[in-house]
$ cat run-v2.tsv   # TSV, C-alpha atoms
chain	number	residue	atom	x	y	z
A	1	MET	CA	25.06	102.38	108.17
A	2	ILE	CA	22.65	102.78	111.08
A	3	LEU	CA	19.07	102.41	109.94
A	4	LYS	CA	15.75	103.12	111.62
A	5	LYS	CA	12.10	102.34	110.89
A	6	VAL	CA	9.53	105.03	110.19
A	7	LEU	CA	5.84	105.01	109.42
A	8	LEU	CA	4.63	105.60	105.87
A	9	SER	CA	2.47	108.68	105.39
A	10	THR	CA	-0.11	109.28	102.73
A	11	LEU	CA	0.81	110.70	99.34
A	12	ALA	CA	-0.08	114.18	98.09
A	13	ILE	CA	-3.30	115.13	96.26
A	14	THR	CA	-3.98	112.54	93.57
A	15	THR	CA	-5.61	112.05	90.22
A	16	LEU	CA	-5.08	108.45	89.15
A	17	THR	CA	-5.92	105.20	90.92
A	18	LEU	CA	-4.12	101.98	90.06
A	19	GLY	CA	-5.69	98.51	90.15
A	20	SER	CA	-4.86	96.04	92.88
A	21	CYS	CA	-4.20	92.36	93.34
A	22	SER	CA	-2.97	90.20	96.17
A	23	ASN	CA	0.32	88.39	96.49
A	24	ASP	CA	1.85	86.56	99.43
A	25	ASP	CA	5.25	88.04	98.63
A	26	ALA	CA	5.42	91.47	100.31
A	27	LEU	CA	8.12	92.57	97.87
A	28	THR	CA	5.93	92.12	94.78
A	29	GLN	CA	2.47	92.97	96.03
A	30	ASN	CA	0.44	95.37	93.91
A	31	PRO	CA	-1.75	97.44	96.24
A	32	THR	CA	-4.29	100.08	95.37
A	33	TYR	CA	-2.75	103.54	95.49
A	34	THR	CA	-2.88	106.90	93.78
A	35	ILE	CA	-0.47	109.02	91.77
A	36	PRO	CA	0.21	112.62	92.88
A	37	THR	CA	-0.44	115.42	90.40
A	38	SER	CA	3.03	116.81	91.05
A	39	TYR	CA	6.32	115.25	92.12
A	40	THR	CA	5.42	115.62	95.80
A	41	PHE	CA	6.09	112.82	98.29
A	42	GLU	CA	6.07	113.11	102.06
A	43	ARG	CA	6.61	111.08	105.20
A	44	ASN	CA	5.44	112.42	108.56
A	45	SER	CA	4.44	115.65	106.78
A	46	LYS	CA	8.00	116.22	105.55
A	47	THR	CA	9.23	115.92	101.99
A	48	THR	CA	11.17	112.79	101.11
A	49	VAL	CA	12.38	114.22	97.80
A	50	ASP	CA	16.05	115.23	97.56
A	51	PHE	CA	18.10	115.74	94.39
A	52	SER	CA	20.41	118.54	95.52
A	53	GLY	CA	23.48	116.88	94.01
A	54	GLN	CA	21.86	116.82	90.59
A	55	THR	CA	20.86	120.47	90.89
A	56	SER	CA	24.48	121.35	91.66
A	57	ARG	CA	25.76	119.55	88.56
A	58	LEU	CA	23.20	121.19	86.30
A	59	LEU	CA	24.27	124.59	87.61
A	60	MET	CA	27.95	123.69	87.21
A	61	LEU	CA	27.53	122.87	83.53
A	62	GLU	CA	25.47	126.00	83.02
A	63	GLU	CA	28.18	128.18	84.58
A	64	MET	CA	30.88	126.52	82.46
A	65	GLY	CA	28.89	127.24	79.30
A	66	ASN	CA	28.25	130.84	80.35
A	67	TYR	CA	31.93	131.36	81.18
A	68	ILE	CA	32.93	130.34	77.64
A	69	LYS	CA	30.14	132.46	76.13
A	70	THR	CA	31.21	135.51	78.12
A	71	ALA	CA	34.82	135.10	77.02
A	72	ALA	CA	33.70	135.11	73.38
A	73	THR	CA	31.44	138.13	73.85
A	74	ASN	CA	34.01	140.19	75.73
A	75	GLY	CA	36.99	139.16	73.63
A	76	THR	CA	38.83	137.76	76.64
A	77	ALA	CA	40.64	134.47	77.07
A	78	ALA	CA	38.65	131.49	78.33
A	79	ASN	CA	41.10	130.54	81.05
A	80	LEU	CA	41.90	126.85	80.70
A	81	THR	CA	42.85	126.43	84.35
A	82	VAL	CA	39.53	127.89	85.48
A	83	LEU	CA	37.57	125.65	83.10
A	84	THR	CA	39.49	122.53	84.11
A	85	ASN	CA	38.95	123.35	87.78
A	86	MET	CA	35.23	123.80	87.13
A	87	TYR	CA	35.02	120.37	85.51
A	88	SER	CA	36.60	118.69	88.54
A	89	ASN	CA	35.28	121.26	91.07
A	90	THR	CA	38.67	122.12	92.51
A	91	ASN	CA	40.26	125.39	93.70
A	92	ASN	CA	36.97	127.29	94.11
A	93	ALA	CA	36.55	127.98	90.41
A	94	PHE	CA	32.81	128.71	90.38
A	95	ALA	CA	31.38	132.18	90.80
A	96	ASP	CA	28.51	130.53	92.69
A	97	ALA	CA	30.27	129.78	95.97
A	98	THR	CA	27.72	127.14	96.96
A	99	LEU	CA	28.91	125.00	94.04
A	100	ASN	CA	32.50	125.14	95.25
A	101	THR	CA	31.50	123.68	98.62
A	102	SER	CA	28.85	121.24	97.34
A	103	GLY	CA	31.16	118.24	97.32
A	104	LYS	CA	29.92	117.44	93.80
A	105	GLN	CA	31.63	117.54	90.42
A	106	LEU	CA	30.90	116.78	86.78
A	107	LYS	CA	34.03	114.86	85.89
A	108	ASP	CA	33.53	111.89	88.21
A	109	LYS	CA	29.99	111.41	86.84
A	110	THR	CA	31.06	111.52	83.19
A	111	ALA	CA	30.71	108.09	81.55
A	112	ALA	CA	30.44	106.62	85.04
A	113	SER	CA	27.11	104.75	85.20
A	114	LYS	CA	26.73	101.46	87.02
A	115	ASP	CA	25.45	99.52	84.00
A	116	TYR	CA	27.63	100.88	81.18
A	117	PHE	CA	30.89	101.78	82.90
A	118	GLN	CA	31.00	99.68	86.08
A	119	LEU	CA	29.28	96.47	85.02
A	120	PHE	CA	30.36	97.08	81.39
A	121	LEU	CA	26.94	96.48	79.88
A	122	GLY	CA	26.07	98.51	76.79
A	123	GLY	CA	29.59	98.09	75.43
A	124	GLY	CA	31.26	100.41	77.92
A	125	THR	CA	34.80	100.01	79.23
A	126	THR	CA	37.10	101.74	81.67
A	127	THR	CA	39.21	102.80	78.70
A	128	GLU	CA	36.20	104.48	77.13
A	129	LYS	CA	35.39	106.27	80.38
A	130	VAL	CA	38.87	107.78	80.54
A	131	ALA	CA	38.73	108.71	76.86
A	132	VAL	CA	35.34	110.42	77.23
A	133	GLN	CA	36.53	112.52	80.16
A	134	ALA	CA	39.66	113.46	78.19
A	135	PHE	CA	37.49	114.42	75.21
A	136	PHE	CA	35.52	116.94	77.26
A	137	GLU	CA	38.74	118.34	78.67
A	138	SER	CA	39.87	118.75	75.06
A	139	GLN	CA	36.79	120.92	74.43
A	140	LEU	CA	37.90	123.16	77.27
A	141	THR	CA	41.33	123.41	75.64
A	142	ALA	CA	39.66	124.15	72.31
A	143	SER	CA	37.61	126.94	73.89
A	144	ASN	CA	40.79	128.45	75.31
A	145	SER	CA	42.61	128.24	71.97
A	146	ALA	CA	39.73	129.80	70.06
A	147	SER	CA	39.51	132.70	72.51
A	148	LEU	CA	43.06	133.94	71.97
A	149	GLY	CA	42.23	136.53	69.33
A	150	ALA	CA	42.32	134.86	65.92
A	151	THR	CA	39.44	135.07	63.49
A	152	ALA	CA	37.98	131.64	62.83
A	153	SER	CA	38.53	130.27	59.33
A	154	ALA	CA	39.16	126.95	57.63
A	155	GLY	CA	41.84	125.21	59.68
A	156	VAL	CA	42.09	128.10	62.17
A	157	ALA	CA	40.47	128.17	65.60
A	158	GLY	CA	39.09	131.53	66.63
A	159	VAL	CA	36.21	133.93	67.02
A	160	TYR	CA	33.41	134.03	64.47
A	161	LEU	CA	30.65	136.63	64.31
A	162	ASP	CA	27.14	135.16	64.48
A	163	GLY	CA	24.99	138.17	63.62
A	164	THR	CA	25.81	140.54	66.47
A	165	SER	CA	27.11	137.78	68.73
A	166	LYS	CA	30.57	136.29	68.87
A	167	ARG	CA	31.16	132.55	69.12
A	168	LEU	CA	34.29	130.46	69.51
A	169	PHE	CA	35.02	127.76	66.93
A	170	SER	CA	37.65	125.04	66.61
A	171	SER	CA	39.76	124.71	63.48
A	172	ASN	CA	37.32	122.10	62.09
A	173	GLY	CA	34.31	124.42	62.47
A	174	LEU	CA	32.83	122.83	65.57
A	175	GLU	CA	31.81	125.10	68.45
A	176	PRO	CA	33.40	123.54	71.57
A	177	GLN	CA	30.96	125.19	73.94
A	178	GLN	CA	27.99	123.50	72.22
A	179	VAL	CA	29.80	120.17	71.95
A	180	LEU	CA	30.53	120.42	75.68
A	181	LEU	CA	26.97	121.31	76.69
A	182	LYS	CA	25.08	118.83	74.52
A	183	GLY	CA	27.70	116.13	74.89
A	184	MET	CA	27.67	116.37	78.68
A	185	MET	CA	23.88	116.15	78.66
A	186	GLY	CA	24.52	112.67	77.30
A	187	ALA	CA	27.77	111.45	78.84
A	188	CYS	CA	26.86	112.71	82.31
A	189	PHE	CA	23.13	113.44	82.67
A	190	MET	CA	21.59	110.84	80.31
A	191	ASP	CA	24.08	108.18	81.35
A	192	GLN	CA	23.37	108.75	85.03
A	193	ILE	CA	19.59	108.76	84.54
A	194	VAL	CA	19.02	105.66	82.44
A	195	ASN	CA	22.15	103.59	83.07
A	196	ASN	CA	22.68	104.35	86.72
A	197	TYR	CA	19.83	105.64	88.86
A	198	LEU	CA	17.08	103.90	86.86
A	199	SER	CA	19.12	100.71	86.60
A	200	LYS	CA	17.59	97.82	88.53
A	201	ASN	CA	21.17	96.89	89.38
A	202	LYS	CA	21.37	100.21	91.24
A	203	LEU	CA	17.81	100.46	92.57
A	204	ASP	CA	17.81	96.94	94.01
A	205	GLU	CA	21.43	96.55	95.06
A	206	GLY	CA	22.25	95.22	98.51
A	207	THR	CA	19.40	95.55	100.98
A	208	SER	CA	17.71	98.39	99.11
A	209	LYS	CA	14.54	96.47	98.18
A	210	ILE	CA	14.10	94.88	101.62
A	211	ASN	CA	14.67	98.21	103.35
A	212	ASN	CA	12.30	100.02	101.02
A	213	SER	CA	9.56	97.43	101.51
A	214	ASN	CA	9.91	97.81	105.29
A	215	LYS	CA	10.29	101.62	105.05
A	216	ILE	CA	13.68	101.66	106.69
A	217	VAL	CA	15.20	105.04	105.92
A	218	GLU	CA	18.81	106.10	105.56
A	219	GLU	CA	20.64	107.34	108.62
A	220	SER	CA	19.61	110.91	109.54
A	221	LYS	CA	17.34	111.04	106.48
A	222	ILE	CA	13.62	110.76	105.90
A	223	TYR	CA	13.79	108.74	102.67
A	224	THR	CA	14.68	105.17	101.80
A	225	THR	CA	17.67	104.45	99.60
A	226	MET	CA	15.44	103.39	96.70
A	227	GLU	CA	13.30	106.52	96.96
A	228	HIS	CA	16.40	108.69	96.90
A	229	THR	CA	17.92	106.81	93.97
A	230	TRP	CA	14.78	107.42	91.90
A	231	ASP	CA	14.76	111.10	92.91
A	232	GLU	CA	18.33	111.49	91.70
A	233	ALA	CA	17.30	110.33	88.22
A	234	TYR	CA	14.42	112.82	88.32
A	235	GLY	CA	16.80	115.59	89.39
A	236	TYR	CA	18.94	115.26	86.28
A	237	VAL	CA	15.86	116.25	84.26
A	238	TYR	CA	14.02	118.68	86.53
A	239	GLY	CA	16.68	119.73	89.04
A	240	VAL	CA	16.67	123.48	88.30
A	241	ASP	CA	13.03	124.52	88.29
A	242	GLY	CA	12.44	122.29	85.29
A	243	THR	CA	14.01	124.86	82.93
A	244	LYS	CA	17.52	123.61	82.12
A	245	PHE	CA	19.04	121.10	79.73
A	246	TRP	CA	16.85	117.98	79.30
A	247	SER	CA	13.73	119.65	80.64
A	248	SER	CA	14.14	122.51	78.18
A	249	TYR	CA	14.65	120.22	75.20
A	250	ILE	CA	11.75	118.00	76.22
A	251	ASP	CA	9.62	121.15	76.02
A	252	GLN	CA	10.99	122.00	72.57
A	253	VAL	CA	10.25	118.55	71.18
A	254	ASN	CA	6.85	118.53	72.85
A	255	ALA	CA	5.98	121.83	71.13
A	256	ASP	CA	5.69	119.99	67.82
A	257	VAL	CA	2.27	118.46	67.16
A	258	ASP	CA	3.93	115.23	66.03
A	259	PHE	CA	5.55	114.71	69.43
A	260	ASN	CA	3.23	116.56	71.81
A	261	THR	CA	2.82	113.80	74.40
A	262	VAL	CA	6.49	113.27	75.24
A	263	LYS	CA	6.53	115.79	78.10
A	264	ALA	CA	3.44	114.40	79.81
A	265	ASP	CA	4.60	110.83	79.26
A	266	ILE	CA	7.99	111.39	80.92
A	267	ASN	CA	6.57	113.39	83.80
A	268	LEU	CA	3.81	110.86	84.53
A	269	ALA	CA	6.26	107.96	84.38
A	270	PHE	CA	8.52	109.63	86.95
A	271	ARG	CA	5.58	110.31	89.30
A	272	THR	CA	4.10	106.85	88.83
A	273	GLY	CA	7.41	105.10	89.39
A	274	ARG	CA	8.05	107.05	92.59
A	275	ALA	CA	4.57	106.27	93.90
A	276	ALA	CA	5.11	102.62	93.02
A	277	ILE	CA	8.30	102.58	95.08
A	278	VAL	CA	6.47	104.03	98.08
A	279	ASN	CA	3.88	101.26	97.72
A	280	ASN	CA	6.35	98.41	97.06
A	281	ASP	CA	4.93	97.87	93.57
A	282	TYR	CA	8.14	96.94	91.76
A	283	ASP	CA	6.47	95.65	88.60
A	284	LYS	CA	4.83	99.05	88.10
A	285	ARG	CA	8.13	100.77	88.89
A	286	ASP	CA	9.94	98.72	86.25
A	287	ALA	CA	7.31	99.53	83.63
A	288	GLN	CA	7.93	103.25	84.23
A	289	ILE	CA	11.68	102.75	83.81
A	290	ASP	CA	11.06	101.42	80.31
A	291	ILE	CA	8.83	104.38	79.46
A	292	ILE	CA	11.40	106.92	80.66
A	293	LYS	CA	14.25	105.20	78.83
A	294	ALA	CA	12.35	105.15	75.53
A	295	LYS	CA	10.83	108.63	75.75
A	296	LEU	CA	14.00	110.36	76.97
A	297	ALA	CA	16.10	108.76	74.20
A	298	PHE	CA	13.61	110.12	71.69
A	299	VAL	CA	14.45	113.72	72.64
A	300	PRO	CA	18.12	113.87	71.50
A	301	ALA	CA	17.19	111.86	68.40
A	302	VAL	CA	14.62	114.47	67.34
A	303	ARG	CA	16.88	117.38	68.23
A	304	ALA	CA	19.86	115.89	66.40
A	305	VAL	CA	17.83	115.62	63.20
A	306	TYR	CA	16.39	119.09	63.70
A	307	TYR	CA	19.83	120.68	64.04
A	308	LEU	CA	21.29	118.66	61.17
A	309	GLN	CA	18.56	120.02	58.92
A	310	GLU	CA	18.75	123.54	60.32
A	311	GLY	CA	22.51	123.55	59.77
A	312	LYS	CA	22.08	122.26	56.24
A	313	GLY	CA	19.61	125.03	55.47
A	314	LYS	CA	21.86	127.74	56.86
A	315	LEU	CA	24.83	126.52	54.80
A	316	THR	CA	23.12	127.94	51.73
A	317	THR	CA	22.39	131.33	53.28
A	318	ASP	CA	24.98	131.89	55.99
A	319	LYS	CA	27.93	129.59	55.18
A	320	GLY	CA	29.46	130.27	58.55
A	321	ALA	CA	28.73	130.82	62.21
A	322	LYS	CA	24.98	130.20	62.25
A	323	ALA	CA	25.30	126.96	60.29
A	324	PHE	CA	28.26	125.75	62.35
A	325	HIS	CA	26.45	126.59	65.59
A	326	ALA	CA	23.48	124.41	64.60
A	327	LEU	CA	25.71	121.59	63.38
A	328	SER	CA	27.70	121.69	66.62
A	329	GLU	CA	24.46	121.20	68.55
A	330	ALA	CA	23.63	118.28	66.28
A	331	TYR	CA	27.10	116.84	66.89
A	332	GLY	CA	26.58	116.98	70.65
A	333	PHE	CA	23.14	115.38	70.49
A	334	ILE	CA	24.46	112.57	68.28
A	335	MET	CA	27.11	111.95	70.95
A	336	THR	CA	24.27	111.62	73.45
A	337	LEU	CA	22.70	108.71	71.55
A	338	ARG	CA	25.55	106.47	72.71
A	339	TYR	CA	24.32	106.87	76.32
A	340	THR	CA	20.67	105.99	75.69
A	341	ASN	CA	19.29	102.65	76.85
A	342	LYS	CA	16.77	100.77	74.73
A	343	PRO	CA	14.26	99.03	77.02
A	344	GLY	CA	14.83	95.31	77.37
A	345	THR	CA	18.38	95.40	75.98
A	346	ASN	CA	20.66	97.23	78.43
A	347	SER	CA	22.28	98.62	75.29
A	348	PRO	CA	22.09	102.00	73.54
A	349	TYR	CA	19.93	102.62	70.49
A	350	PHE	CA	23.17	103.33	68.63
A	351	THR	CA	26.42	101.62	69.62
A	352	LYS	CA	29.57	103.57	70.37
A	353	ALA	CA	31.00	102.45	67.01
A	354	GLU	CA	27.90	103.65	65.16
A	355	VAL	CA	27.95	107.00	66.92
A	356	ASP	CA	31.68	107.45	66.28
A	357	THR	CA	31.10	106.75	62.58
A	358	MET	CA	28.31	109.33	62.40
A	359	LEU	CA	30.44	111.98	64.12
A	360	ALA	CA	33.42	111.25	61.89
A	361	SER	CA	31.21	111.65	58.84
A	362	MET	CA	30.29	115.19	59.84
A	363	THR	CA	33.92	116.34	60.04
A	364	SER	CA	35.52	113.98	57.52
A	365	GLY	CA	36.65	116.66	55.06
A	366	THR	CA	40.09	118.23	55.17
A	367	ASN	CA	38.70	121.22	57.06
A	368	GLY	CA	35.73	119.59	58.75
A	369	LEU	CA	32.57	121.69	58.60
A	370	TRP	CA	34.34	124.30	56.51
A	371	ASP	CA	34.10	121.92	53.52
A	372	ILE	CA	30.50	122.98	53.13
A	373	ASP	CA	30.13	121.84	49.53
A	374	THR	CA	30.35	118.20	50.65
A	375	LEU	CA	28.20	118.45	53.77
A	376	GLY	CA	24.62	118.39	52.46
A	377	ALA	CA	24.46	114.74	51.44
A	378	LYS	CA	26.15	113.67	54.70
A	379	LEU	CA	23.66	115.61	56.80
A	380	ASP	CA	20.69	114.10	54.97
A	381	SER	CA	22.10	110.60	55.35
A	382	LEU	CA	22.67	111.04	59.09
A	383	SER	CA	19.21	112.54	59.55
A	384	LEU	CA	17.55	109.60	57.81
A	385	GLN	CA	19.62	107.07	59.80
A	386	ILE	CA	18.56	108.56	63.13
A	387	ALA	CA	14.93	109.16	62.22
A	388	THR	CA	14.51	105.63	60.88
A	389	LYS	CA	15.92	104.10	64.06
A	390	PHE	CA	13.40	105.99	66.22
A	391	GLY	CA	10.38	105.70	63.92
A	392	PHE	CA	9.77	109.30	62.87
A	393	THR	CA	10.43	111.14	59.63
A	394	VAL	CA	13.08	113.74	58.91
A	395	ALA	CA	10.31	116.16	57.94
A	396	GLN	CA	8.60	115.73	61.29
A	397	ALA	CA	11.76	116.51	63.25
A	398	ALA	CA	12.73	119.43	61.02
A	399	THR	CA	9.54	121.31	61.93
A	400	VAL	CA	10.25	121.40	65.68
A	401	ASN	CA	10.99	124.94	66.90
$ encode --input "run-v2.tsv" --output "C-alpha cells"
Amino acid sequence: MILKKVLLSTLAITTLTLGSCSNDDALTQNPTYTIPTSYTFERNSKTTVDFSGQTSRLLMLEEMGNYIKTAATNGTAANLTVLTNMYSNTNNAFADATLNTSGKQLKDKTAASKDYFQLFLGGGTTTEKVAVQAFFESQLTASNSASLGATASAGVAGVYLDGTSKRLFSSNGLEPQQVLLKGMMGACFMDQIVNNYLSKNKLDEGTSKINNSNKIVEESKIYTTMEHTWDEAYGYVYGVDGTKFWSSYIDQVNADVDFNTVKADINLAFRTGRAAIVNNDYDKRDAQIDIIKAKLAFVPAVRAVYYLQEGKGKLTTDKGAKAFHALSEAYGFIMTLRYTNKPGTNSPYFTKAEVDTMLASMTSGTNGLWDIDTLGAKLDSLSLQIATKFGFTVAQAATVN
C-alpha cells in the first residue's frame, strides 16, 4: 500500500481537557488535548470519520427484517431465495439498490471477529463460525416455512395474530424474525465491535501504531488505519443516524433511572478513545476500550431480562403471540451474550456452552414455548442468572420501557 504523510489538524469544539505527562517514547506519550462534544474529527478541514460499510450492514439487516414483517402482514410467502441472497448480498436482492452495489454483506461478518474467530480467543472456532452462519440461514428457512399459510400452533409453524398484526412463528413458538434481528446484533455487530475493531490485535496490527503516531494515512484517504478501525466500531452502534439496533436499545436501557448513565458513558468513551488515537495516547485509548466493552455488554443483559419477564407476564394474559414475541427477543439477546467481551479476559461474560444451555432451557419442552405451564420457573431462573452476572436485580431490569 502506498502511504503518504499529512499534517494533523486541530479537533472540533471541545469540552474536556485531559492531563499531560512526558515520555521519551513517542508511541506512549500522554499529551494535553481536548475531547470533542460530538463525534467530529477533521484533518485539513475535512472529516476523517468513515463508517459507510457499517451503515450498509445495518440497513441490510433492517431491510431483511422488514421483508419478513411485510410477508407476514400481507399474507405472502417470505421468499427463501431472496432472503438468502440478502444475507450474502448476491443477485441484487435489496430494494435499496445502493446496498446491492456496496460490496458489503452480513454473512461474511457473522461470527468473524479477529479475536474470537480468527485467533480463537474467547472459545471460538472455525466450526462454530460455520454453525452460526448456518443457524441464521435456518431462521430464513423458518420464516419462509411459517409464511406458507398455516396458522401457528403447538408443533406447527405459521402465522399468529398479535392484536391486529400478524407475525410468523416456528413450530417451537420462536419468532424467527426476532431471533434473526437480535441474534445478528450479537453475532455480527457486537462481535465486530468488541472482538474485532476494538481489539488491540486489530488496532495495533502490522505498522498501524507506527503509522498512526506519524500520521501516515491510507492511500487516497484522509484517515490513518487506526482511526478508521475505531470509526468502524463506532459505526456498528451509530451508523444510521444513531437510531437503529444497538443505539436504539442503549436508549431504552438508559431511559430507566437505574441505568441512566449508560448512553453518556458509551458515547463519551467512543469520543475519548478517538481523540486519544489522534493524539497517540494509547493508554487512554485502551481504557476507553474497556469501558465500551463493559457498558455495551450490559445492554443485551438488561434487555434479555426485561423480555424474559415481559414474556412471563404475558403468558398469563395472552398465552400466545405477544408472549412469544417478547420471549423471542429475549432468546436473541441471550444469544448476543456469547459475543460480549469482559474487560481484561478476552472472553465473553457467558461462555458459548452457558449460552447454549440457557437457550435450550427456554425451548426444552416437547413443543418449546407452547408448553407455557412449565415456562415461568425457567424464565425466572434465567433472569436471575443473567442479572446476577452483571450486578443488577431482576426488578430493576423489568421496569425498563
$ atom_distance --input "run-v2.tsv" --atom1 "atom CA of A:Lys314" --atom2 "atom CA of A:Ala330"
13.5 Å
$ closest_residue --input "run-v2.tsv" --among "A:Asp286, A:Asp318, A:Asp115, A:Asp96" --to "A:Val194" --atoms "all atoms listed in the file"
A:Asp115
$ residues_around --input "run-v2.tsv" --residues "A:Tyr160" --least-positions-apart "5" --cutoff "10 Å" --atoms "all atoms listed in the file" --output "VMD selection string"
chain A and resid 72 146 150 to 153 165 to 169 173 175 320 to 322 324
$ closest_residue --input "run-v2.tsv" --among "A:Leu161, A:Val179, A:Ala397, A:Met362" --to "A:Gly75" --atoms "only C-alpha atoms"
A:Leu161
$ closest_residue --input "run-v2.tsv" --among "A:Phe135, A:Tyr307, A:Tyr331, A:Tyr339" --to "A:Lys293" --atoms "all atoms listed in the file"
A:Tyr339
$ closest_residue --input "run-v2.tsv" --among "A:Leu384, A:Val253, A:Ala276, A:Leu327" --to "A:Thr399" --atoms "only C-alpha atoms"
A:Val253
$ atom_distance --input "run-v2.tsv" --atom1 "atom CA of A:Pro343" --atom2 "atom CA of A:Leu198"
11.3 Å
$ residues_around --input "run-v2.tsv" --residues "A:Ala395" --least-positions-apart "6" --cutoff "12 Å" --atoms "all atoms listed in the file" --output "ChimeraX atom specification"
/A:256,258,302,305-306,308-310,380,383-384,387-388
$ closest_residue --input "run-v2.tsv" --among "A:Ser88, A:Ser248, A:Gln177, A:Val400" --to "A:Asn260" --atoms "all atoms listed in the file"
A:Val400
$ closest_atom_pairs --input "run-v2.tsv" --of "stretch 302-364 of chain A" --to "stretch 227-246 of chain A" --cutoff "12 Å" --atoms "all atoms listed in the file" --output "tab-separated table"
residue	atom	partner	partner_atom	distance
A:Arg303	CA	A:Trp246	CA	11.1
A:Phe333	CA	A:Trp246	CA	11.1
A:Thr336	CA	A:Trp246	CA	11.4
$ closest_residue --input "run-v2.tsv" --among "A:Gly206, A:Gly149, A:Gly376, A:Gly332" --to "A:Val355" --atoms "only C-alpha atoms"
A:Gly332
$ residues_around --input "run-v2.tsv" --residues "stretch 76-85 of chain A" --least-positions-apart "6" --cutoff "6 Å" --atoms "all atoms listed in the file" --output "VMD selection string"
chain A and resid 68 93 144 147 to 148
$ residues_around --input "run-v2.tsv" --residues "stretch 42-51 of chain A" --least-positions-apart "2" --cutoff "12 Å" --atoms "only C-alpha atoms" --output "ChimeraX atom specification"
/A:5-13,36,38-40,53-58,104,197,215-218,221-241,271,274-275,278
$ atom_distance --input "run-v2.tsv" --atom1 "atom CA of A:Gly344" --atom2 "atom CA of A:Pro31"
25.2 Å
$ residues_around --input "run-v2.tsv" --residues "A:Lys342" --least-positions-apart "6" --cutoff "9 Å" --atoms "all atoms listed in the file" --output "ChimeraX atom specification"
/A:290,293-294,297,348-349
$ build_atoms --input "run-v2.tsv" --residues "stretch 369-374 of chain A" --atoms "all heavy atoms" --output "PDB file, in the frame of the given file"
ATOM      1  N   LEU A 369      33.796 121.025  59.023  1.00  0.00           N
ATOM      2  CA  LEU A 369      32.570 121.690  58.600  1.00  0.00           C
ATOM      3  C   LEU A 369      32.815 122.772  57.562  1.00  0.00           C
ATOM      4  O   LEU A 369      31.900 123.156  56.827  1.00  0.00           O
ATOM      5  CB  LEU A 369      31.856 122.302  59.819  1.00  0.00           C
ATOM      6  CG  LEU A 369      31.426 121.341  60.938  1.00  0.00           C
ATOM      7  CD1 LEU A 369      30.683 122.104  62.031  1.00  0.00           C
ATOM      8  CD2 LEU A 369      30.569 120.212  60.403  1.00  0.00           C
ATOM      9  N   TRP A 370      34.040 123.260  57.492  1.00  0.00           N
ATOM     10  CA  TRP A 370      34.340 124.300  56.510  1.00  0.00           C
ATOM     11  C   TRP A 370      34.211 123.787  55.077  1.00  0.00           C
ATOM     12  O   TRP A 370      34.048 124.585  54.151  1.00  0.00           O
ATOM     13  CB  TRP A 370      35.752 124.849  56.733  1.00  0.00           C
ATOM     14  CG  TRP A 370      35.875 125.649  57.983  1.00  0.00           C
ATOM     15  CD1 TRP A 370      36.335 125.227  59.191  1.00  0.00           C
ATOM     16  CD2 TRP A 370      35.533 127.034  58.162  1.00  0.00           C
ATOM     17  NE1 TRP A 370      36.307 126.243  60.115  1.00  0.00           N
ATOM     18  CE2 TRP A 370      35.815 127.367  59.509  1.00  0.00           C
ATOM     19  CE3 TRP A 370      35.023 128.014  57.321  1.00  0.00           C
ATOM     20  CZ2 TRP A 370      35.605 128.642  60.024  1.00  0.00           C
ATOM     21  CZ3 TRP A 370      34.815 129.293  57.831  1.00  0.00           C
ATOM     22  CH2 TRP A 370      35.100 129.594  59.157  1.00  0.00           C
ATOM     23  N   ASP A 371      34.281 122.475  54.873  1.00  0.00           N
ATOM     24  CA  ASP A 371      34.100 121.920  53.520  1.00  0.00           C
ATOM     25  C   ASP A 371      32.609 121.800  53.236  1.00  0.00           C
ATOM     26  O   ASP A 371      32.040 120.723  53.079  1.00  0.00           O
ATOM     27  CB  ASP A 371      34.762 120.538  53.436  1.00  0.00           C
ATOM     28  CG  ASP A 371      36.271 120.630  53.551  1.00  0.00           C
ATOM     29  OD1 ASP A 371      36.827 121.688  53.199  1.00  0.00           O
ATOM     30  OD2 ASP A 371      36.890 119.648  54.008  1.00  0.00           O
ATOM     31  N   ILE A 372      31.957 122.944  53.168  1.00  0.00           N
ATOM     32  CA  ILE A 372      30.500 122.980  53.130  1.00  0.00           C
ATOM     33  C   ILE A 372      29.918 122.381  51.858  1.00  0.00           C
ATOM     34  O   ILE A 372      28.779 121.915  51.856  1.00  0.00           O
ATOM     35  CB  ILE A 372      29.985 124.436  53.300  1.00  0.00           C
ATOM     36  CG1 ILE A 372      30.562 125.345  52.205  1.00  0.00           C
ATOM     37  CG2 ILE A 372      30.339 124.964  54.679  1.00  0.00           C
ATOM     38  CD1 ILE A 372      30.039 126.764  52.263  1.00  0.00           C
ATOM     39  N   ASP A 373      30.676 122.360  50.787  1.00  0.00           N
ATOM     40  CA  ASP A 373      30.130 121.840  49.530  1.00  0.00           C
ATOM     41  C   ASP A 373      29.890 120.336  49.585  1.00  0.00           C
ATOM     42  O   ASP A 373      29.139 119.796  48.776  1.00  0.00           O
ATOM     43  CB  ASP A 373      31.072 122.166  48.366  1.00  0.00           C
ATOM     44  CG  ASP A 373      31.143 123.664  48.092  1.00  0.00           C
ATOM     45  OD1 ASP A 373      30.184 124.367  48.468  1.00  0.00           O
ATOM     46  OD2 ASP A 373      32.143 124.115  47.525  1.00  0.00           O
ATOM     47  N   THR A 374      30.520 119.658  50.550  1.00  0.00           N
ATOM     48  CA  THR A 374      30.350 118.200  50.650  1.00  0.00           C
ATOM     49  C   THR A 374      29.434 117.793  51.805  1.00  0.00           C
ATOM     50  O   THR A 374      29.176 116.607  51.999  1.00  0.00           O
ATOM     51  CB  THR A 374      31.715 117.520  50.866  1.00  0.00           C
ATOM     52  OG1 THR A 374      32.233 117.877  52.168  1.00  0.00           O
ATOM     53  CG2 THR A 374      32.714 117.944  49.798  1.00  0.00           C
TER      54      THR A 374
END
